[in-house]
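The file target.csv contains CSV, C-alpha atoms:
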chain,number,residue,atom,x,y,z
A,1,ILE,CA,6.3,23.0,27.1
A,2,PRO,CA,6.3,25.2,24.0
A,3,GLU,CA,3.0,26.2,22.5
A,4,PRO,CA,2.3,24.7,19.0
A,5,ALA,CA,3.0,28.1,17.3
A,6,GLU,CA,6.3,28.3,19.1
A,7,MET,CA,7.3,24.8,18.0
A,8,ALA,CA,6.7,25.5,14.3
A,9,ASN,CA,10.1,26.9,13.7
A,10,GLN,CA,12.0,24.7,16.1
A,11,VAL,CA,13.7,21.4,15.9
A,12,ILE,CA,11.6,18.8,17.7
A,13,LYS,CA,13.2,16.0,19.7
A,14,CYS,CA,11.2,12.7,19.7
A,15,LYS,CA,11.5,8.9,19.6
A,16,ALA,CA,11.8,7.0,16.4
A,17,ALA,CA,12.6,3.4,15.3
A,18,VAL,CA,15.9,3.8,13.4
A,19,ALA,CA,17.2,1.2,10.9
A,20,TRP,CA,21.0,1.8,11.2
A,21,GLU,CA,21.9,-0.9,8.7
A,22,ALA,CA,20.4,-3.7,6.7
A,23,GLY,CA,19.6,-7.0,8.4
A,24,LYS,CA,19.8,-5.5,11.9
A,25,PRO,CA,16.9,-4.9,14.3
A,26,LEU,CA,15.3,-1.5,14.5
A,27,SER,CA,16.6,0.7,17.4
A,28,ILE,CA,14.5,3.1,19.4
A,29,GLU,CA,16.4,6.4,19.4
A,30,GLU,CA,15.9,10.0,20.3
A,31,ILE,CA,16.1,11.9,17.0
A,32,GLU,CA,15.9,15.5,15.9
A,33,VAL,CA,13.2,16.5,13.4
A,34,ALA,CA,13.9,19.9,11.7
A,35,PRO,CA,11.2,22.3,10.8
A,36,PRO,CA,9.5,22.0,7.4
A,37,LYS,CA,11.0,24.0,4.5
A,38,ALA,CA,9.1,25.4,1.6
A,39,HIS,CA,6.3,23.1,0.4
A,40,GLU,CA,6.8,20.7,3.3
A,41,VAL,CA,4.6,19.6,6.1
A,42,ARG,CA,5.7,18.3,9.6
A,43,ILE,CA,3.3,15.8,11.0
A,44,LYS,CA,2.8,14.3,14.5
A,45,LEU,CA,2.1,10.6,13.9
A,46,ILE,CA,-0.7,9.2,15.9
A,47,ALA,CA,-0.7,5.7,14.4
A,48,THR,CA,1.4,3.6,12.1
A,49,ALA,CA,1.1,0.1,10.7
A,50,VAL,CA,3.8,-2.3,9.5
A,51,CYS,CA,3.8,-3.3,5.8
A,52,HIS,CA,5.8,-6.2,4.4
A,53,THR,CA,7.7,-3.7,2.2
A,54,ASP,CA,9.2,-2.2,5.4
A,55,ALA,CA,10.6,-5.7,6.3
A,56,TYR,CA,11.7,-6.2,2.7
A,57,THR,CA,13.8,-3.0,2.8
A,58,LEU,CA,15.2,-3.8,6.3
A,59,SER,CA,16.3,-7.2,5.0
A,60,GLY,CA,18.6,-5.7,2.5
A,61,ALA,CA,16.9,-7.1,-0.5
A,62,ASP,CA,15.5,-3.7,-1.6
A,63,PRO,CA,17.7,-2.3,-4.4
A,64,GLU,CA,16.7,1.2,-3.4
A,65,GLY,CA,17.2,0.5,0.3
A,66,CYS,CA,19.5,3.2,1.9
A,67,PHE,CA,20.7,3.4,5.5
A,68,PRO,CA,20.5,4.7,8.2
A,69,VAL,CA,16.8,5.3,7.7
A,70,ILE,CA,13.5,5.7,9.4
A,71,LEU,CA,11.1,3.2,7.8
A,72,GLY,CA,7.3,3.1,7.7
A,73,HIS,CA,4.8,4.2,5.1
A,74,GLU,CA,1.3,3.4,6.6
A,75,GLY,CA,0.6,6.2,9.0
A,76,ALA,CA,-1.8,8.8,10.1
A,77,GLY,CA,-1.5,11.9,12.2
A,78,ILE,CA,-2.0,15.6,12.8
A,79,VAL,CA,-0.2,18.4,10.9
A,80,GLU,CA,2.1,20.2,13.4
A,81,SER,CA,3.4,22.9,11.1
A,82,VAL,CA,3.7,23.8,7.5
A,83,GLY,CA,6.5,25.4,5.5
A,84,GLU,CA,6.4,28.4,3.2
A,85,GLY,CA,4.1,28.1,0.2
A,86,VAL,CA,1.8,25.4,1.6
A,87,THR,CA,-1.7,26.5,0.9
A,88,LYS,CA,-3.9,23.4,1.1
A,89,LEU,CA,-2.9,22.2,4.6
A,90,LYS,CA,-2.6,23.9,8.0
A,91,ALA,CA,-1.6,23.0,11.5
A,92,GLY,CA,-4.3,20.8,13.2
A,93,ASP,CA,-5.4,19.0,10.0
A,94,THR,CA,-5.9,15.3,10.2
A,95,VAL,CA,-3.8,13.6,7.5
A,96,ILE,CA,-2.4,10.4,5.9
A,97,PRO,CA,1.1,10.7,4.5
A,98,LEU,CA,1.4,9.2,1.0
A,99,TYR,CA,4.3,7.3,-0.5
A,100,ILE,CA,2.9,8.1,-4.0
A,101,PRO,CA,2.5,11.9,-4.3
A,102,GLN,CA,0.1,13.7,-6.5
A,103,CYS,CA,1.3,17.1,-7.7
A,104,GLY,CA,-1.5,17.5,-10.2
A,105,GLU,CA,0.8,19.2,-12.7
A,106,CYS,CA,3.2,16.6,-14.2
A,107,LYS,CA,2.3,14.6,-17.3
A,108,PHE,CA,1.7,11.5,-15.2
A,109,CYS,CA,-0.8,13.3,-12.9
A,110,LEU,CA,-2.6,14.7,-15.9
A,111,ASN,CA,-2.8,11.2,-17.5
A,112,PRO,CA,-5.8,9.3,-16.3
A,113,LYS,CA,-4.1,6.0,-17.1
A,114,THR,CA,-1.5,6.2,-14.3
A,115,ASN,CA,-1.2,7.4,-10.7
A,116,LEU,CA,2.6,7.4,-10.6
A,117,CYS,CA,3.5,11.1,-10.1
A,118,GLN,CA,7.1,11.7,-10.9
A,119,LYS,CA,7.6,15.2,-9.4
A,120,ILE,CA,9.8,14.0,-6.5
A,121,ARG,CA,10.6,10.5,-7.6
A,122,VAL,CA,14.4,11.0,-7.9
A,123,THR,CA,15.0,12.5,-4.4
A,124,GLN,CA,12.4,10.3,-2.7
A,125,GLY,CA,14.2,7.2,-4.1
A,126,LYS,CA,17.4,8.5,-2.4
A,127,GLY,CA,15.8,8.9,0.9
A,128,LEU,CA,15.8,12.7,0.7
A,129,MET,CA,13.4,15.6,0.7
A,130,PRO,CA,12.8,17.4,-2.7
A,131,ASP,CA,15.7,19.9,-2.0
A,132,GLY,CA,18.1,16.9,-1.6
A,133,THR,CA,18.5,17.1,2.1
A,134,SER,CA,17.1,15.2,5.2
A,135,ARG,CA,15.1,16.6,8.1
A,136,PHE,CA,16.2,13.8,10.5
A,137,THR,CA,19.4,13.6,12.6
A,138,CYS,CA,20.4,11.2,15.4
A,139,LYS,CA,23.6,11.2,17.4
A,140,GLY,CA,25.1,13.8,15.0
A,141,LYS,CA,24.4,11.7,11.9
A,142,THR,CA,22.0,12.3,9.1
A,143,ILE,CA,19.1,9.8,9.0
A,144,LEU,CA,17.4,9.2,5.6
A,145,HIS,CA,13.6,9.4,4.8
A,146,TYR,CA,11.8,6.3,3.6
A,147,MET,CA,9.3,6.3,0.7
A,148,GLY,CA,8.7,10.0,1.4
A,149,THR,CA,6.8,9.2,4.6
A,150,SER,CA,9.0,7.6,7.5
A,151,THR,CA,6.1,6.9,9.8
A,152,PHE,CA,8.1,4.9,12.4
A,153,SER,CA,8.7,8.2,14.2
A,154,GLU,CA,6.7,10.4,16.5
A,155,TYR,CA,7.2,13.2,14.0
A,156,THR,CA,7.9,13.2,10.3
A,157,VAL,CA,8.3,15.7,7.5
A,158,VAL,CA,6.9,15.1,4.1
A,159,ALA,CA,6.3,17.0,0.8
A,160,ASP,CA,3.0,18.8,0.7
A,161,ILE,CA,2.1,16.9,-2.4
A,162,SER,CA,2.4,13.7,-0.4
A,163,VAL,CA,-0.3,14.4,2.1
A,164,ALA,CA,-4.1,13.6,2.1
A,165,LYS,CA,-6.3,15.6,4.3
A,166,ILE,CA,-9.0,13.4,5.8
A,167,ASN,CA,-12.0,13.4,8.1
A,168,PRO,CA,-10.8,14.5,11.6
A,169,LEU,CA,-13.2,11.9,13.2
A,170,ALA,CA,-11.6,8.9,11.5
A,171,PRO,CA,-10.0,6.4,13.8
A,172,LEU,CA,-6.4,6.8,12.9
A,173,ASP,CA,-5.3,3.3,14.1
A,174,LYS,CA,-7.5,1.9,11.3
A,175,VAL,CA,-7.4,4.3,8.4
A,176,CYS,CA,-3.6,4.5,8.5
A,177,LEU,CA,-3.8,1.3,6.6
A,178,LEU,CA,-5.3,3.2,3.6
A,179,GLY,CA,-1.8,4.6,3.2
A,180,CYS,CA,-0.8,1.4,1.4
A,181,GLY,CA,-2.1,-2.2,1.9
A,182,ILE,CA,-5.9,-1.9,1.9
A,183,SER,CA,-5.9,0.8,-0.9
A,184,THR,CA,-3.5,-1.3,-3.0
A,185,GLY,CA,-5.6,-4.5,-2.9
A,186,TYR,CA,-9.0,-2.9,-3.2
A,187,GLY,CA,-7.8,-0.7,-6.1
A,188,ALA,CA,-6.2,-3.6,-7.9
A,189,ALA,CA,-9.6,-5.1,-8.3
A,190,VAL,CA,-11.8,-2.0,-9.0
A,191,ASN,CA,-9.2,0.2,-10.8
A,192,THR,CA,-6.5,-2.0,-12.4
A,193,ALA,CA,-8.4,-5.1,-13.3
A,194,LYS,CA,-11.8,-3.5,-13.5
A,195,VAL,CA,-13.6,-6.7,-12.3
A,196,GLU,CA,-17.0,-7.0,-13.9
A,197,PRO,CA,-20.2,-8.3,-12.4
A,198,GLY,CA,-20.6,-12.0,-12.6
A,199,SER,CA,-16.9,-12.7,-13.2
A,200,VAL,CA,-14.8,-15.4,-11.6
A,201,CYS,CA,-11.7,-14.2,-9.6
A,202,ALA,CA,-8.7,-15.9,-8.0
A,203,ILE,CA,-6.6,-14.3,-5.3
A,204,PHE,CA,-3.1,-15.7,-4.5
A,205,GLY,CA,-2.0,-14.8,-1.0
A,206,LEU,CA,-4.6,-13.9,1.6
A,207,GLY,CA,-2.8,-11.4,3.7
A,208,GLY,CA,-4.1,-7.9,4.3
A,209,VAL,CA,-3.6,-7.0,0.6
A,210,GLY,CA,-5.2,-10.2,-0.6
A,211,LEU,CA,-8.2,-9.7,1.6
A,212,ALA,CA,-8.6,-6.2,0.3
A,213,VAL,CA,-8.6,-7.6,-3.3
A,214,ILE,CA,-11.4,-9.9,-2.2
A,215,MET,CA,-13.3,-6.9,-0.9
A,216,GLY,CA,-12.8,-5.1,-4.3
A,217,CYS,CA,-14.0,-8.2,-6.2
A,218,LYS,CA,-17.1,-8.4,-4.1
A,219,VAL,CA,-17.9,-4.7,-4.5
A,220,ALA,CA,-17.5,-5.2,-8.3
A,221,GLY,CA,-20.0,-8.0,-8.3
A,222,ALA,CA,-17.8,-11.1,-8.9
A,223,SER,CA,-19.9,-14.3,-8.7
A,224,ARG,CA,-17.0,-16.6,-7.5
A,225,ILE,CA,-14.0,-15.5,-5.5
A,226,ILE,CA,-11.4,-18.3,-5.1
A,227,GLY,CA,-8.7,-17.7,-2.4
A,228,VAL,CA,-5.4,-19.5,-2.7
A,229,ASP,CA,-3.1,-19.7,0.3
A,230,ILE,CA,-1.1,-22.3,2.2
A,231,ASN,CA,-2.5,-21.1,5.6
A,232,LYS,CA,-5.9,-22.6,6.1
A,233,ASP,CA,-6.6,-20.1,9.0
A,234,LYS,CA,-7.1,-17.4,6.3
A,235,PHE,CA,-9.9,-19.4,4.6
A,236,SER,CA,-12.8,-18.1,6.6
A,237,PHE,CA,-12.9,-14.5,5.4
A,238,GLY,CA,-14.6,-13.4,2.3
A,239,ALA,CA,-13.8,-15.9,-0.5
A,240,THR,CA,-16.5,-18.2,-1.8
A,241,GLU,CA,-14.0,-21.0,-2.2
A,242,CYS,CA,-10.4,-21.6,-0.9
A,243,ILE,CA,-7.6,-23.8,-2.0
A,244,ASN,CA,-4.3,-24.9,-0.4
A,245,PRO,CA,-1.9,-25.6,-3.3
A,246,GLN,CA,0.4,-27.6,-1.0
A,247,ILE,CA,-2.2,-30.5,-0.8
A,248,LEU,CA,-3.0,-30.7,-4.5
A,249,VAL,CA,-1.9,-33.6,-6.8
A,250,ASN,CA,-2.0,-31.5,-9.9
A,251,SER,CA,-0.7,-28.0,-10.4
A,252,ILE,CA,-2.7,-25.0,-9.2
A,253,GLN,CA,-3.2,-24.0,-12.8
A,254,GLU,CA,-4.7,-27.3,-13.8
A,255,VAL,CA,-7.0,-27.4,-10.8
A,256,LEU,CA,-8.3,-23.9,-11.3
A,257,ILE,CA,-8.9,-24.4,-15.0
A,258,GLU,CA,-10.9,-27.5,-14.3
A,259,MET,CA,-12.8,-25.8,-11.5
A,260,THR,CA,-13.8,-22.9,-13.7
A,261,ASP,CA,-14.3,-24.6,-17.1
A,262,GLY,CA,-11.4,-23.0,-18.8
A,263,GLY,CA,-9.9,-20.5,-16.3
A,264,VAL,CA,-10.9,-17.5,-14.2
A,265,ASP,CA,-11.6,-14.1,-15.6
A,266,TYR,CA,-9.3,-12.2,-13.2
A,267,SER,CA,-6.4,-13.3,-11.0
A,268,PHE,CA,-4.3,-11.4,-8.5
A,269,GLU,CA,-0.8,-12.3,-7.2
A,270,CYS,CA,-0.4,-10.7,-3.7
A,271,ILE,CA,2.7,-12.4,-2.5
A,272,GLY,CA,5.7,-11.2,-4.6
A,273,ASN,CA,6.7,-14.7,-5.7
A,274,VAL,CA,7.6,-14.9,-9.4
A,275,LYS,CA,6.6,-18.5,-9.7
A,276,VAL,CA,3.2,-17.7,-8.3
A,277,MET,CA,2.9,-14.8,-10.7
A,278,ARG,CA,3.3,-17.3,-13.6
A,279,ALA,CA,0.8,-19.6,-12.1
A,280,ALA,CA,-1.7,-16.7,-11.7
A,281,LEU,CA,-1.4,-15.8,-15.4
A,282,GLU,CA,-1.5,-19.3,-16.8
A,283,HIS,CA,-4.9,-20.2,-15.3
A,284,VAL,CA,-6.9,-17.2,-16.5
A,285,THR,CA,-9.2,-17.7,-19.4
A,286,ARG,CA,-8.1,-17.3,-23.0
A,287,ALA,CA,-11.3,-15.3,-23.4
A,288,GLY,CA,-9.7,-12.0,-22.3
A,289,GLY,CA,-8.4,-13.2,-18.9
A,290,VAL,CA,-6.5,-10.6,-16.9
A,291,SER,CA,-3.8,-11.4,-14.3
A,292,VAL,CA,-2.6,-8.5,-12.0
A,293,VAL,CA,0.8,-8.5,-10.3
A,294,VAL,CA,0.3,-6.8,-6.9
A,295,GLY,CA,3.1,-8.3,-4.9
A,296,VAL,CA,6.6,-6.9,-5.1
A,297,ALA,CA,9.3,-9.5,-5.9
A,298,ALA,CA,12.8,-9.4,-4.6
A,299,SER,CA,15.6,-7.5,-6.4
A,300,GLY,CA,16.8,-9.2,-9.6
A,301,GLU,CA,13.8,-11.5,-9.9
A,302,LYS,CA,12.3,-12.0,-13.4
A,303,ILE,CA,8.9,-13.2,-14.5
A,304,ALA,CA,8.6,-15.7,-17.3
A,305,THR,CA,5.9,-17.6,-19.3
A,306,ARG,CA,5.5,-19.0,-22.7
A,307,PRO,CA,4.6,-16.3,-25.3
A,308,PHE,CA,1.7,-18.5,-26.4
A,309,GLN,CA,0.0,-17.7,-23.0
A,310,LEU,CA,-0.3,-14.1,-24.1
A,311,VAL,CA,-0.9,-14.7,-27.8
A,312,THR,CA,-4.0,-16.7,-27.0
A,313,GLY,CA,-5.6,-13.7,-25.3
A,314,ARG,CA,-4.4,-13.4,-21.7
A,315,THR,CA,-3.2,-10.0,-20.3
A,316,TRP,CA,-0.5,-9.5,-17.7
A,317,ARG,CA,-0.8,-6.2,-15.7
A,318,GLY,CA,0.7,-4.6,-12.7
A,319,THR,CA,-0.5,-2.1,-10.1
A,320,ALA,CA,0.9,0.3,-7.6
A,321,PHE,CA,-1.2,1.7,-4.8
A,322,GLY,CA,-4.2,0.1,-6.6
A,323,GLY,CA,-4.1,2.8,-9.3
A,324,TRP,CA,-5.5,5.5,-6.9
A,325,LYS,CA,-4.6,9.1,-7.6
A,326,SER,CA,-3.5,9.5,-4.0
A,327,VAL,CA,-4.2,13.0,-2.7
A,328,GLU,CA,-7.7,13.0,-4.2
A,329,SER,CA,-8.6,9.4,-3.6
A,330,VAL,CA,-7.5,8.6,0.0
A,331,PRO,CA,-9.9,11.1,1.6
A,332,LYS,CA,-12.8,9.4,-0.4
A,333,LEU,CA,-11.7,6.0,0.8
A,334,VAL,CA,-11.7,7.2,4.4
A,335,SER,CA,-15.2,8.7,3.9
A,336,GLU,CA,-16.4,5.3,2.6
A,337,TYR,CA,-15.0,3.7,5.6
A,338,MET,CA,-16.6,6.2,7.9
A,339,SER,CA,-20.0,6.0,6.2
A,340,LYS,CA,-19.9,2.2,6.2
A,341,SER,CA,-21.1,2.2,2.6
A,342,LYS,CA,-19.3,-1.1,1.9
A,343,THR,CA,-22.3,-3.3,2.9
A,344,LEU,CA,-20.9,-6.6,1.8
A,345,THR,CA,-23.5,-8.8,3.5
A,346,ASP,CA,-22.1,-12.0,2.1
A,347,PHE,CA,-18.8,-11.4,3.9
A,348,SER,CA,-20.1,-11.5,7.5
A,349,SER,CA,-22.9,-13.2,9.4
A,350,SER,CA,-24.0,-9.8,10.8
A,351,GLY,CA,-24.5,-8.3,7.4
A,352,SER,CA,-22.7,-5.1,8.5
A,353,SER,CA,-20.2,-3.1,6.5
A,354,ILE,CA,-17.0,-5.1,5.7
A,355,PHE,CA,-14.8,-2.1,5.1
A,356,PRO,CA,-14.3,-1.4,8.9
A,357,GLU,CA,-14.0,-5.1,9.6
A,358,ILE,CA,-11.2,-5.7,7.1
A,359,LEU,CA,-9.3,-2.7,8.4
A,360,THR,CA,-9.6,-4.1,11.9
A,361,LEU,CA,-8.5,-7.6,10.8
A,362,TYR,CA,-5.5,-6.2,8.9
A,363,PHE,CA,-4.4,-4.0,11.8
A,364,CYS,CA,-4.6,-6.9,14.3
A,365,SER,CA,-3.0,-9.6,12.1
Would you give me this structure, written as structure tokens?
Amino acid sequence: IPEPAEMANQVIKCKAAVAWEAGKPLSIEEIEVAPPKAHEVRIKLIATAVCHTDAYTLSGADPEGCFPVILGHEGAGIVESVGEGVTKLKAGDTVIPLYIPQCGECKFCLNPKTNLCQKIRVTQGKGLMPDGTSRFTCKGKTILHYMGTSTFSEYTVVADISVAKINPLAPLDKVCLLGCGISTGYGAAVNTAKVEPGSVCAIFGLGGVGLAVIMGCKVAGASRIIGVDINKDKFSFGATECINPQILVNSIQEVLIEMTDGGVDYSFECIGNVKVMRAALEHVTRAGGVSVVVGVAASGEKIATRPFQLVTGRTWRGTAFGGWKSVESVPKLVSEYMSKSKTLTDFSSSGSSIFPEILTLYFCS
């Protein structure tokens, strides 16, 4: 077996789940992973999770979906080797690959209002590394990268601006979720909406992202957190009240407006359903109510509402990765998890930190 230093400049053969074409099951294959080029990092993945976006792309509905490809964008692992010019990372570092990079130099990185670094956006959207090529091959064919991460592989190669160095003691099967879902939901509340103490919030869709929104609302001091989902089994975690819209006589908008004497202060759509996005907007209060679109709708879908809904004071917003500046923020989120600083006693009978618990719940669901 080659020593790590000897492997650094060699092609690595490993297993990966390859999506050969849209709508077909993933296939476990032996692939070749080339060494990292300049400003690239090769990572040995220790853990990966499955996000709904992976299934969305595999279904063929993703307009940027390219095949064959190695999916996956919620992972964590150890740096195996680095390419020329990489100065902030080294072999042996514990890391989380990031689907939103942070170069720290482009006008978007320098703008505090956005986290959407554009440095490698064009090539990443084509499933390629920044130099326009791939590091994956299988059976003599080029395999594309996915969201700049491709975590459904034992080894992957990513741009050095798409890597967060984290606490080496962090449990990687949990904190890998901070690569997308948990960070997205939590940040939607604390960064995008900026939920205020005493406010009333409604969350549509209580999957992993929706539960993370609940966590963010609680941290921000919301007085009421109303969960909306058609699965009653999700009603026991975090929200102060829960509603199943399928059993209502009136529309969910009418019910929530009546329950809250004019509408909630903040709402969050965590499903990707354009009809629900409209419902989420139309029940926020006219007194500066904010509705945040978190879920990703299918290709070609459009949102609609009456202009009067906005004229009367409501705001429609969107969020990506919860607004976090990725490279600098993910290590801090891991540290919060490790220190158990999220002591949300109202969320659990034990009164212990909810941050570890929500990661465990999301991972196991």
Counting only C-alpha atoms, I want the residues whose atoms come within 8 Å of (-6.4, -14.6, -22.7) in the file frame, returned as a list of chain:residue names. A:Val284, A:Thr285, A:Arg286, A:Ala287, A:Gly288, A:Gly289, A:Val290, A:Gln309, A:Leu310, A:Val311, A:Thr312, A:Gly313, A:Arg314, A:Thr315
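Shortest atom-to-atom contact with Cys51 (chain A) among A:Gly179, A:Gly140, A:Gly92, A:Gly65: A:Gly179, counting only C-alpha atoms.
If all atoms listed in the file are the atoms counted, then among A:Ile78, A:Val209, A:Ile12, A:Ile225 the closest residue to Gly181 (chain A) is A:Val209.
Pairwise distance (CA of Lys232 (chain A), CA of Ile182 (chain A)) equals 21.1 Å.
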Could you list as a list in words every residue that has an atom within 9 Å of (5.7, 21.3, 11.0), using the file's coordinates and counting all atoms listed in the file? Met7, Ala8, Asn9, Gln10, Ala34, Pro35, Pro36, Lys37, Glu40, Val41, Arg42, Ile43, Lys44, Val79, Glu80, Ser81, Val82, Gly83, Ala91, Tyr155, Thr156 and Val157 of chain A
So which residues touch region 319-322 of chain A within 8 Å, counting all atoms listed in the file, skipping near sequence neighbours fewer than 3 positions away, as number ranges by chain? A: 100, 116, 180-181, 183-189, 191-192, 292-294
Residues from the last selection, C-alpha atoms, saved as a PDB file, in the coordinates of the input:
ATOM      1  CA  ILE A 100       2.900   8.100  -4.000  1.00  0.00           C
ATOM      2  CA  LEU A 116       2.600   7.400 -10.600  1.00  0.00           C
ATOM      3  CA  CYS A 180      -0.800   1.400   1.400  1.00  0.00           C
ATOM      4  CA  GLY A 181      -2.100  -2.200   1.900  1.00  0.00           C
ATOM      5  CA  SER A 183      -5.900   0.800  -0.900  1.00  0.00           C
ATOM      6  CA  THR A 184      -3.500  -1.300  -3.000  1.00  0.00           C
ATOM      7  CA  GLY A 185      -5.600  -4.500  -2.900  1.00  0.00           C
ATOM      8  CA  TYR A 186      -9.000  -2.900  -3.200  1.00  0.00           C
ATOM      9  CA  GLY A 187      -7.800  -0.700  -6.100  1.00  0.00           C
ATOM     10  CA  ALA A 188      -6.200  -3.600  -7.900  1.00  0.00           C
ATOM     11  CA  ALA A 189      -9.600  -5.100  -8.300  1.00  0.00           C
ATOM     12  CA  ASN A 191      -9.200   0.200 -10.800  1.00  0.00           C
ATOM     13  CA  THR A 192      -6.500  -2.000 -12.400  1.00  0.00           C
ATOM     14  CA  VAL A 292      -2.600  -8.500 -12.000  1.00  0.00           C
ATOM     15  CA  VAL A 293       0.800  -8.500 -10.300  1.00  0.00           C
ATOM     16  CA  VAL A 294       0.300  -6.800  -6.900  1.00  0.00           C
TER      17      VAL A 294
END
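Here CA of Val264 (chain A) stands at a distance of 28.1 Å from CA of Lys325 (chain A).
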Out of A:Lys302, A:His73, A:Arg121, A:Lys218, which residue has the shortest atom-to-atom distance to Ala239 (chain A) when counting all atoms listed in the file? A:Lys218
Of the candidates A:Asn250, A:Ser150, A:Thr240, A:Asn273, which shows the shortest atom-to-atom distance to Met215 (chain A), using all atoms listed in the file? A:Thr240
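Nearest-residue note for Ala279 (chain A): choosing from A:Thr260, A:Asn115, A:Gln253, A:Thr123, the minimum distance belongs to A:Gln253, counting only C-alpha atoms.
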Have a look at CA of Val219 (chain A) and CA of Lys340 (chain A) and let me know their distance in Å, one decimal. 12.9 Å
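Using all atoms listed in the file, the smallest distance between any of A:Pro68, A:Gly60, A:Gly300, A:Gly295 and Ser27 (chain A) comes from A:Pro68.
Every protein, DNA or RNA residue with an atom at most 6 Å from Pro197 (chain A), where all atoms listed in the file count and chain neighbours fewer than 4 positions away do not, is listed here: Ala220, Gly221 and Ala222 of chain A.
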Take the residues from that selection and put them in a file with C-alpha atoms, as a tab-separated table (two decimals), in the coordinates of the input.
chain	number	residue	atom	x	y	z
A	220	ALA	CA	-17.50	-5.20	-8.30
A	221	GLY	CA	-20.00	-8.00	-8.30
A	222	ALA	CA	-17.80	-11.10	-8.90
Using all atoms listed in the file, which protein or nucleic acid residues come within 12 Å of Tyr146 (chain A)? Drop anything in the same chain fewer than 6 positions from it, and give the result as number ranges by chain. A: 18-19, 53-54, 57-58, 62, 64-74, 97-100, 123-129, 134-136, 152-153, 156-158
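The environment of Gln246 (chain A) within 12 Å, counting all atoms listed in the file and disregarding residues fewer than 3 places along the same chain, consists of A:Val228, A:Asp229, A:Ile230, A:Asn231, A:Lys232, A:Ile243, A:Val249, A:Asn250, A:Ser251, A:Ile252.
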